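Structure file target_19.txt with compact mmCIF, C-alpha atoms:
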```txt
# COMPACT_ATOMS: atom_id res chain seq x y z
CA MET W 2 4.97 4.64 -12.47
CA TRP W 3 6.85 7.87 -13.26
CA ALA W 4 3.65 9.31 -14.69
CA GLN W 5 1.87 8.73 -11.39
CA VAL W 6 4.80 10.24 -9.48
CA ILE W 7 4.33 13.39 -11.55
CA ASN W 8 0.57 13.33 -10.92
CA ALA W 9 1.23 13.09 -7.18
CA ILE W 10 3.56 16.10 -7.42
CA LEU W 11 0.90 17.99 -9.41
CA GLY W 12 -1.63 17.22 -6.66
CA ILE W 13 0.75 18.50 -3.99
CA TRP W 14 1.45 21.56 -6.16
CA LEU W 15 -2.30 22.29 -6.15
CA MET W 16 -2.24 22.16 -2.35
CA VAL W 17 0.53 24.77 -2.10
CA SER W 18 -0.30 26.87 -5.17
CA PRO W 19 -2.93 29.10 -3.48
CA ALA W 20 -0.20 30.29 -1.08
CA VAL W 21 2.40 30.67 -3.84
CA LEU W 22 0.09 32.39 -6.32
CA ASP W 23 -1.81 34.35 -3.65
CA SER W 24 -5.17 33.07 -4.94
CA ASN W 25 -8.56 34.26 -3.72
CA LYS W 26 -10.75 32.13 -1.47
CA THR W 27 -12.78 30.38 -4.18
CA VAL W 28 -9.67 29.30 -6.05
CA ALA W 29 -7.87 28.32 -2.85
CA ASN W 30 -10.76 26.17 -1.61
CA ASN W 31 -11.07 24.40 -4.92
CA ASP W 32 -7.34 23.68 -5.12
CA HIS W 33 -7.20 22.63 -1.45
CA ILE W 34 -9.97 20.08 -2.09
CA ILE W 35 -8.87 18.72 -5.47
CA GLY W 36 -5.11 18.67 -4.73
CA PRO W 37 -5.15 16.06 -1.94
CA LEU W 38 -7.54 13.85 -3.93
CA ILE W 39 -5.30 13.83 -7.00
CA ALA W 40 -2.17 13.24 -4.89
CA ALA W 41 -3.80 10.36 -2.99
CA PHE W 42 -5.14 8.52 -6.06
CA ALA W 43 -1.78 8.97 -7.80
CA ILE W 44 0.19 7.63 -4.82
CA ILE W 45 -2.12 4.60 -4.46
CA SER W 46 -1.49 3.76 -8.11
CA TRP W 47 2.29 3.64 -7.63
CA TRP W 48 1.90 -0.08 -6.83
CA GLU W 49 1.21 -2.51 -9.65
CA ALA W 50 -1.80 -4.23 -8.07
CA THR W 51 -3.56 -0.87 -7.67
CA ARG W 52 -2.29 0.78 -10.87
CA VAL W 53 -5.89 0.99 -12.11
CA ILE W 54 -6.66 3.61 -9.43
CA ARG W 55 -4.78 6.14 -11.60
CA LEU W 56 -7.95 6.42 -13.69
CA TYR W 57 -9.88 7.72 -10.66
CA ASN W 58 -8.00 10.96 -11.26
CA LEU W 59 -9.84 11.55 -14.53
CA LEU W 60 -12.82 12.95 -12.61
CA PRO W 61 -11.07 15.53 -10.40
CA ALA W 62 -8.81 16.47 -13.34
CA ALA W 63 -11.78 17.01 -15.67
CA TRP W 64 -13.33 19.16 -12.96
CA LEU W 65 -10.18 21.32 -12.97
CA LEU W 66 -10.85 22.13 -16.64
CA LEU W 67 -14.43 23.20 -15.84
CA ALA W 68 -13.94 24.79 -12.40
CA PRO W 69 -12.61 28.17 -13.60
CA TRP W 70 -15.78 28.67 -15.66
CA VAL W 71 -18.30 27.08 -13.28
CA LEU W 72 -16.91 28.89 -10.23
CA GLY W 73 -16.22 32.09 -12.21
CA TYR W 74 -12.49 32.62 -11.60
CA ASN W 75 -11.49 36.21 -12.40
CA ASP W 76 -7.76 35.64 -12.08
CA THR W 77 -5.91 34.60 -15.24
CA THR W 78 -3.05 32.95 -13.37
CA ALA W 79 -5.46 30.75 -11.44
CA ILE W 80 -7.42 29.85 -14.60
CA PHE W 81 -4.19 28.87 -16.33
CA ASN W 82 -2.91 26.96 -13.29
CA ASP W 83 -6.04 24.84 -12.79
CA MET W 84 -6.50 24.10 -16.47
CA ALA W 85 -2.84 23.26 -17.07
CA VAL W 86 -2.74 20.91 -14.05
CA GLY W 87 -6.06 19.34 -15.11
CA LEU W 88 -4.85 18.72 -18.64
CA LEU W 89 -1.50 17.28 -17.53
CA VAL W 90 -3.16 14.95 -15.01
CA ILE W 91 -5.61 13.67 -17.64
CA VAL W 92 -2.82 12.92 -20.11
CA LEU W 93 -0.67 11.21 -17.44
CA CYS W 94 -3.62 9.14 -16.21
CA PHE W 95 -3.44 7.18 -19.44
CA VAL W 96 0.25 6.32 -18.98
CA LYS W 97 -0.01 2.89 -17.39
CA GLY W 98 3.71 2.16 -17.14
CA LYS W 99 5.29 -1.23 -16.57
CA VAL W 100 3.31 -3.92 -14.77
CA GLU W 101 5.50 -6.99 -14.31
CA GLY W 102 3.59 -8.77 -11.57
CA ARG W 103 0.81 -11.26 -12.24
CA PHE W 104 -2.28 -10.84 -10.12
CA GLY W 105 -4.51 -13.80 -11.02
CA GLY W 106 -6.49 -11.67 -13.43
CA GLY W 107 -6.72 -8.60 -11.22
CA TRP W 108 -9.75 -6.96 -9.60
CA SER W 109 -12.24 -7.87 -12.33
CA ALA W 110 -11.41 -11.53 -11.69
CA ILE W 111 -13.43 -11.27 -8.47
CA TRP W 112 -16.73 -11.03 -10.32
CA LYS W 113 -15.86 -12.74 -13.61
CA LYS W 114 -16.24 -16.45 -14.00
CA ASP W 115 -13.33 -18.62 -15.10
CA SER W 116 -10.61 -15.97 -14.92
CA VAL W 117 -6.85 -16.48 -14.70
CA HIS W 118 -6.72 -17.46 -11.02
CA ALA W 119 -9.55 -19.99 -11.38
CA GLN W 120 -7.98 -21.58 -14.45
CA GLU W 121 -4.56 -21.90 -12.80
CA ALA W 122 -6.08 -23.27 -9.59
CA ALA W 123 -7.81 -25.96 -11.63
CA ARG W 124 -4.45 -26.98 -13.09
CA GLN W 125 -2.67 -27.23 -9.73
CA PRO W 126 -2.54 -30.58 -7.91
CA ARG W 127 -4.66 -30.85 -4.76
CA VAL W 128 -2.90 -30.96 -1.40
CA MET U 27 12.04 -27.37 -4.62
CA MET U 28 8.92 -26.16 -2.90
CA SER U 29 5.78 -26.06 -5.01
CA LYS U 30 3.97 -22.77 -5.54
CA ASN U 31 1.29 -23.97 -3.21
CA GLU U 32 3.72 -24.51 -0.33
CA GLU U 33 5.30 -21.11 -0.84
CA GLY U 34 1.82 -19.63 -0.61
CA ILE U 35 1.84 -18.08 -4.07
CA PRO U 36 -1.80 -17.70 -5.13
CA PRO U 37 -2.77 -19.32 -8.46
CA GLY U 38 -2.14 -16.96 -11.35
CA TRP U 39 0.30 -14.83 -9.30
CA ASN U 40 4.10 -14.66 -9.46
CA TYR U 41 4.65 -13.76 -5.80
CA ASN U 42 3.00 -14.22 -2.43
CA PRO U 43 1.34 -11.01 -1.22
CA ALA U 44 1.13 -12.43 2.32
CA SER U 45 4.88 -13.03 2.66
CA TRP U 46 6.65 -11.20 5.48
CA GLY U 47 8.67 -9.16 3.00
CA GLN U 48 5.38 -7.81 1.69
CA ARG U 49 3.70 -7.29 5.05
CA LEU U 50 6.42 -6.08 7.42
CA PRO U 51 6.99 -2.70 5.69
CA ILE U 52 3.25 -1.97 6.04
CA VAL U 53 3.28 -3.00 9.70
CA GLY U 54 6.33 -0.74 10.19
CA LEU U 55 4.56 2.21 8.57
CA ALA U 56 1.51 1.58 10.73
CA ALA U 57 3.76 1.61 13.81
CA VAL U 58 5.21 5.00 12.81
CA GLY U 59 1.67 6.29 12.19
CA PHE U 60 0.67 4.98 15.60
CA GLY U 61 3.56 6.88 17.20
CA ILE U 62 2.63 10.15 15.50
CA ALA U 63 -1.08 9.80 16.23
CA THR U 64 -0.36 8.92 19.87
CA TYR U 65 1.75 12.06 20.24
CA LEU U 66 -1.00 14.18 18.66
CA SER U 67 -3.70 12.66 20.84
CA LEU U 68 -1.67 13.20 24.02
CA TYR U 69 -1.57 16.90 23.08
CA GLN U 70 -5.32 16.85 22.43
CA LEU U 71 -5.86 15.19 25.82
CA HIS U 72 -3.80 17.97 27.45
CA VAL U 73 -1.02 15.64 28.58
CA PHE U 74 1.46 17.75 26.56
CA PRO U 75 0.91 21.52 26.82
CA THR U 76 2.50 22.33 23.43
CA ILE U 77 2.77 20.70 20.01
CA TRP U 78 5.78 20.45 17.67
CA GLU U 79 5.13 22.60 14.60
CA PRO U 80 8.17 23.60 12.53
CA PHE U 81 6.46 25.24 9.53
CA PHE U 82 2.98 26.61 10.06
CA GLY U 83 3.13 28.75 13.22
CA ASN U 84 0.05 28.03 15.30
CA GLY U 85 -1.40 25.83 12.52
CA SER U 86 -1.17 22.59 14.47
CA GLN U 87 -2.84 24.22 17.49
CA LYS U 88 -5.74 25.44 15.35
CA VAL U 89 -6.22 22.10 13.63
CA LEU U 90 -5.87 19.93 16.73
CA ASN U 91 -8.30 22.07 18.75
CA SER U 92 -10.78 22.51 15.88
CA GLY U 93 -14.46 21.61 15.89
CA VAL U 94 -13.97 18.71 13.48
CA SER U 95 -11.33 17.17 15.74
CA LYS U 96 -13.89 17.16 18.58
CA LEU U 97 -16.89 15.89 16.61
CA LEU U 98 -16.76 12.54 18.39
CA PRO U 99 -16.59 11.82 22.13
CA VAL U 100 -12.82 11.24 21.89
CA PRO U 101 -10.36 13.51 20.01
CA ASP U 102 -9.68 12.43 16.42
CA GLY U 103 -6.02 11.77 17.26
CA VAL U 104 -7.08 8.95 19.59
CA LEU U 105 -9.16 7.38 16.83
CA GLY U 106 -6.21 7.75 14.48
CA ALA U 107 -3.91 5.98 16.94
CA LEU U 108 -6.46 3.16 17.37
CA GLY U 109 -6.78 2.93 13.60
CA TYR U 110 -3.01 2.56 13.12
CA LEU U 111 -2.84 0.03 15.95
CA SER U 112 -5.53 -2.12 14.29
CA ASP U 113 -3.69 -1.75 10.95
CA ALA U 114 -0.49 -3.03 12.54
CA VAL U 115 -2.18 -5.89 14.40
CA SER U 116 -4.27 -7.07 11.44
CA GLY U 117 -1.18 -6.76 9.24
CA ALA U 118 0.93 -8.89 11.58
CA VAL U 119 -1.54 -11.65 12.53
CA GLY U 120 -1.36 -14.96 10.66
CA GLY U 121 1.13 -16.91 8.60
CA THR U 122 2.31 -16.44 5.05
CA ARG U 123 -0.64 -18.33 3.58
CA ARG U 124 -3.22 -16.33 5.44
CA TRP U 125 -4.86 -15.08 2.24
CA ARG U 126 -6.51 -18.52 2.13
CA THR U 127 -6.17 -19.82 5.71
CA MET U 128 -7.81 -16.75 7.29
CA PRO U 129 -9.43 -14.51 4.66
CA TRP U 130 -11.36 -12.62 7.34
CA ILE U 131 -8.24 -11.01 8.80
CA VAL U 132 -6.86 -10.14 5.34
CA ILE U 133 -10.15 -8.55 4.26
CA LEU U 134 -10.44 -6.73 7.59
CA PHE U 135 -6.85 -5.49 7.14
CA GLY U 136 -7.67 -4.30 3.63
CA LEU U 137 -10.77 -2.44 4.79
CA LEU U 138 -8.92 -0.83 7.72
CA VAL U 139 -6.03 0.34 5.56
CA GLY U 140 -8.01 1.23 2.43
CA PRO U 141 -11.32 2.96 3.11
CA LEU U 142 -10.22 4.18 6.56
CA GLY U 143 -7.01 5.51 5.04
CA MET U 144 -9.05 7.70 2.76
CA ILE U 145 -10.53 9.43 5.83
CA SER U 146 -7.13 10.97 6.43
CA ILE U 147 -7.44 12.65 3.00
CA LEU U 148 -10.73 14.14 4.16
CA LEU U 149 -8.92 15.53 7.21
CA VAL U 150 -6.21 17.01 4.97
CA ILE U 151 -8.92 18.82 2.98
CA VAL U 152 -10.62 20.09 6.14
CA GLN U 153 -7.47 21.78 7.52
CA PRO U 154 -7.08 24.62 4.98
CA VAL U 155 -10.70 24.84 3.83
CA LEU U 156 -12.35 25.17 7.25
CA TYR U 157 -9.52 26.40 9.47
CA HIS U 158 -7.04 28.08 7.10
CA ALA U 159 -4.30 26.17 8.82
CA TRP U 160 -1.94 23.27 8.20
CA CYS U 161 -0.61 20.84 10.78
CA THR U 162 2.75 19.28 9.89
CA LEU U 163 2.39 16.04 11.83
CA CYS U 164 -1.22 15.60 10.67
CA LEU U 165 0.05 15.84 7.09
CA CYS U 166 2.80 13.30 7.84
CA SER U 167 0.22 10.95 9.32
CA ALA U 168 -2.02 11.35 6.25
CA ALA U 169 0.92 10.67 3.93
CA ILE U 170 1.66 7.45 5.81
CA SER U 171 -1.99 6.36 5.59
CA VAL U 172 -2.06 6.91 1.83
CA ILE U 173 1.29 5.21 1.20
CA MET U 174 0.05 2.12 3.07
CA ILE U 175 -3.01 1.63 0.84
CA GLY U 176 -1.35 0.41 -2.38
CA PRO U 177 0.89 -2.28 -0.88
CA ALA U 178 -1.92 -3.59 1.36
CA MET U 179 -4.47 -4.08 -1.40
CA ASP U 180 -2.73 -6.94 -3.26
CA GLU U 181 -3.19 -9.27 -0.32
CA MET U 182 -6.88 -8.43 -0.13
CA LEU U 183 -7.16 -9.10 -3.86
CA ALA U 184 -5.67 -12.58 -3.36
CA SER U 185 -8.18 -13.29 -0.59
CA LEU U 186 -11.13 -12.02 -2.62
CA GLN U 187 -10.09 -14.17 -5.60
CA TYR U 188 -9.83 -17.13 -3.22
CA MET U 189 -13.35 -16.41 -1.96
CA ARG U 190 -14.51 -16.34 -5.56
CA ARG U 191 -13.04 -19.82 -6.17
CA VAL U 192 -14.68 -21.03 -2.96
CA LYS U 193 -18.03 -19.77 -4.24
CA ASP U 194 -17.56 -21.44 -7.63
CA SER U 195 -16.64 -24.77 -6.03
CA GLU U 196 -19.72 -24.70 -3.79
CA VAL U 197 -17.73 -24.98 -0.57
CA SER U 198 -19.29 -22.99 2.30
CA LEU U 199 -18.27 -19.32 1.92
CA TRP U 200 -18.85 -18.81 5.63
CA LYS U 201 -16.50 -21.59 6.68
CA ALA U 202 -13.83 -20.53 4.18
CA PHE U 203 -14.06 -16.89 5.27
CA TRP U 204 -13.40 -17.76 8.91
CA GLY U 205 -10.77 -20.36 7.99
CA TYR U 206 -12.52 -23.47 9.40
CA LYS U 207 -10.14 -26.43 9.50
CA SER U 208 -12.74 -28.60 7.76
CA VAL U 209 -12.55 -26.61 4.51
CA GLN U 210 -8.76 -26.09 4.42
CA GLY U 211 -7.20 -27.41 1.24
CA LYS U 212 -10.55 -28.05 -0.46
CA VAL U 213 -10.08 -25.00 -2.64
CA ILE U 214 -6.64 -23.97 -3.88
```

How would this structure read if it were set down as structure tokens?
Amino acid sequence: MWAQVINAILGIWLMVSPAVLDSNKTVANNDHIIGPLIAAFAIISWWEATRVIRLYNLLPAAWLLLAPWVLGYNDTTAIFNDMAVGLLVIVLCFVKGKVEGRFGGGWSAIWKKDSVHAQEAARQPRV
Amino acid sequence: MMSKNEEGIPPGWNYNPASWGQRLPIVGLAAVGFGIATYLSLYQLHVFPTIWEPFFGNGSQKVLNSGVSKLLPVPDGVLGALGYLSDAVSGAVGGTRRWRTMPWIVILFGLLVGPLGMISILLVIVQPVLYHAWCTLCLCSAAISVIMIGPAMDEMLASLQYMRRVKDSEVSLWKAFWGYKSVQGKVI
């Protein structure tokens, strides 16, 4: 979970960084859009049942690596900031952390046949 | 000792996501969100002449009187308050086995908290990008919406897995979804 706490902080940092670093409008808009998304996906994945949502951050984080070149940033600080945050978020996305709860096979068990919850239900006595 | 079934623990789980300990914190958060959104909407409806804004100067004024906030016939604060109220009600209704006794309310609760919660992220993006302003209480409200999503989803997962077992056992999905008495207990 700590990894997703850091990702949430990185997302919030993106939201405030345009003000701190005095970025131009292109940079500011990009950070103001991507920051809340990263923070939200990270916060949702704090809970074990939704830990998989952490991987949703791969997309916005990958975009942060490309954005300086696609949008043509001309400010070295902003290039460094976006790329560093993007890289960190990608690495931390892969840190799953401890999952102690059992969730009947999780989300994929909804469309898979004969998953954990179905097998255990079959073993339980009828009421 | 009570069996897992009586405690309402879904098969393949080690806790009951519909227990009060799991649900009450979410209902409490929704109640706080409702309070904030009600305050914001009363400002938008001109009941209060000013708005509390400790950090961003006239930011809250700009955001709460913006074009996006007036896109619909009622101010967005009113919709937010209604959203939180339905979160709280759908979180509170039903007993501790409701993931299988009334899947419809659990799935409705999940949809209200999840996808609708993401709308608040959209509103957070809109503030600086379109209006170059931040609104403290709007940000607090958005934070509450996002924090509610994770803990609400496990209960929906239990209901969706139950619906899957209903489908596989060829019991009527419709009757199970609405919690008809006639199908209770047929699928664990």

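Of the residues under consideration (U:Val94, U:Leu142, U:Val53, U:Val89), U:Val89 shows the shortest atom-to-atom contact distance to Leu163 (chain U) when counting all atoms listed in the file.
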
Using only C-alpha atoms, which protein or nucleic acid residues come within 10 Å of Glu49 (chain W)? Drop anything in the same chain fewer than 5 positions from it, and give the result as a PyMOL selection string. (chain W and resi 2+54+97-104) or (chain U and resi 176-177+180)

Find the distance between CA of Ile62 (chain U) and CA of Pro37 (chain W) and write it in Å to one decimal. 20.0 Å

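Considering the residues W:Ile34, W:Ile7, W:Ile13, W:Leu59 and counting only C-alpha atoms, chain U has its shortest atom-to-atom contact with W:Ile34.
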
Write out as an MDAnalysis selection string every residue belonging to chain W that has an atom at most 8 Å from any atom of chain U, counting only C-alpha atoms. chainID W and resid 30 33:34 37:38 41 44:48 50:51 102:108 110:112 117:119 121:122 125 127:128

Which one is closest to Tyr110 (chain U): U:Ala63, U:Leu199, U:Val73, U:Leu97? Count only C-alpha atoms. U:Ala63

Expressed in Å to a single decimal, how great is the separation between CA of Cys94 (chain W) and CA of Leu56 (chain W)? 5.7 Å

All residues 9 Å or closer to Glu79 (chain U), all atoms listed in the file, same chain fewer than 6 positions away omitted, as a list in words: Gly85, Ser86, Gln87, Cys161, Thr162 and Leu163 of chain U

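Using all atoms listed in the file, the shortest contact distance between Leu137 (chain U) and any of U:Ala114, U:Ala159, U:Met182, U:Val197 is found at U:Met182.
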
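Considering the residues U:Leu98, U:Val104, U:Leu71, U:Ala118 and counting all atoms listed in the file, Gln48 (chain U) has its shortest atom-to-atom contact with U:Ala118.
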
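Note that CA of Ile91 (chain W) and CA of Trp64 (chain W) are 10.6 Å apart.
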
Output, as JSON, the centre and edge lengths in Å (one decimal) of the axis-aligned box that contains all listed atoms of region 157-173 of chain U with 6 Å of margin on each side.
```
{"center_x": -3.4, "center_y": 16.6, "center_z": 6.5, "size_x": 24.3, "size_y": 34.9, "size_z": 22.6}
```

Test item: residues at most 7 Å from Gln70 (chain U), only C-alpha atoms, excluding those fewer than 4 positions along its chain, as a PyMOL selection string: chain U and resi 66+90+101

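Of the listed residues (U:Ala202, U:Cys164, U:Tyr65, U:Leu138), U:Leu138 comes nearest to Asp113 (chain U); the distances count only C-alpha atoms.
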
Cut-off 7 Å around (-1.5, 25.1, -7.3) with all atoms listed in the file: residues as an MDAnalysis selection string: chainID W and resid 14:19 32 82

I need the chosen residues saved as a PDB file, in the coordinates of the input, with C-alpha atoms.
```pdb
ATOM      1  CA  TRP W  14       1.450  21.560  -6.160  1.00  0.00           C
ATOM      2  CA  LEU W  15      -2.300  22.290  -6.150  1.00  0.00           C
ATOM      3  CA  MET W  16      -2.240  22.160  -2.350  1.00  0.00           C
ATOM      4  CA  VAL W  17       0.530  24.770  -2.100  1.00  0.00           C
ATOM      5  CA  SER W  18      -0.300  26.870  -5.170  1.00  0.00           C
ATOM      6  CA  PRO W  19      -2.930  29.100  -3.480  1.00  0.00           C
ATOM      7  CA  ASP W  32      -7.340  23.680  -5.120  1.00  0.00           C
ATOM      8  CA  ASN W  82      -2.910  26.960 -13.290  1.00  0.00           C
TER       9      ASN W  82
END
```

Pick out the residues sitting within 9 Å of Leu134 (chain U), and hand them over as a VMD selection string; count all atoms listed in the file, and ignore anything fewer than 5 positions along from it in its own chain. chain U and resid 116 129 139 182
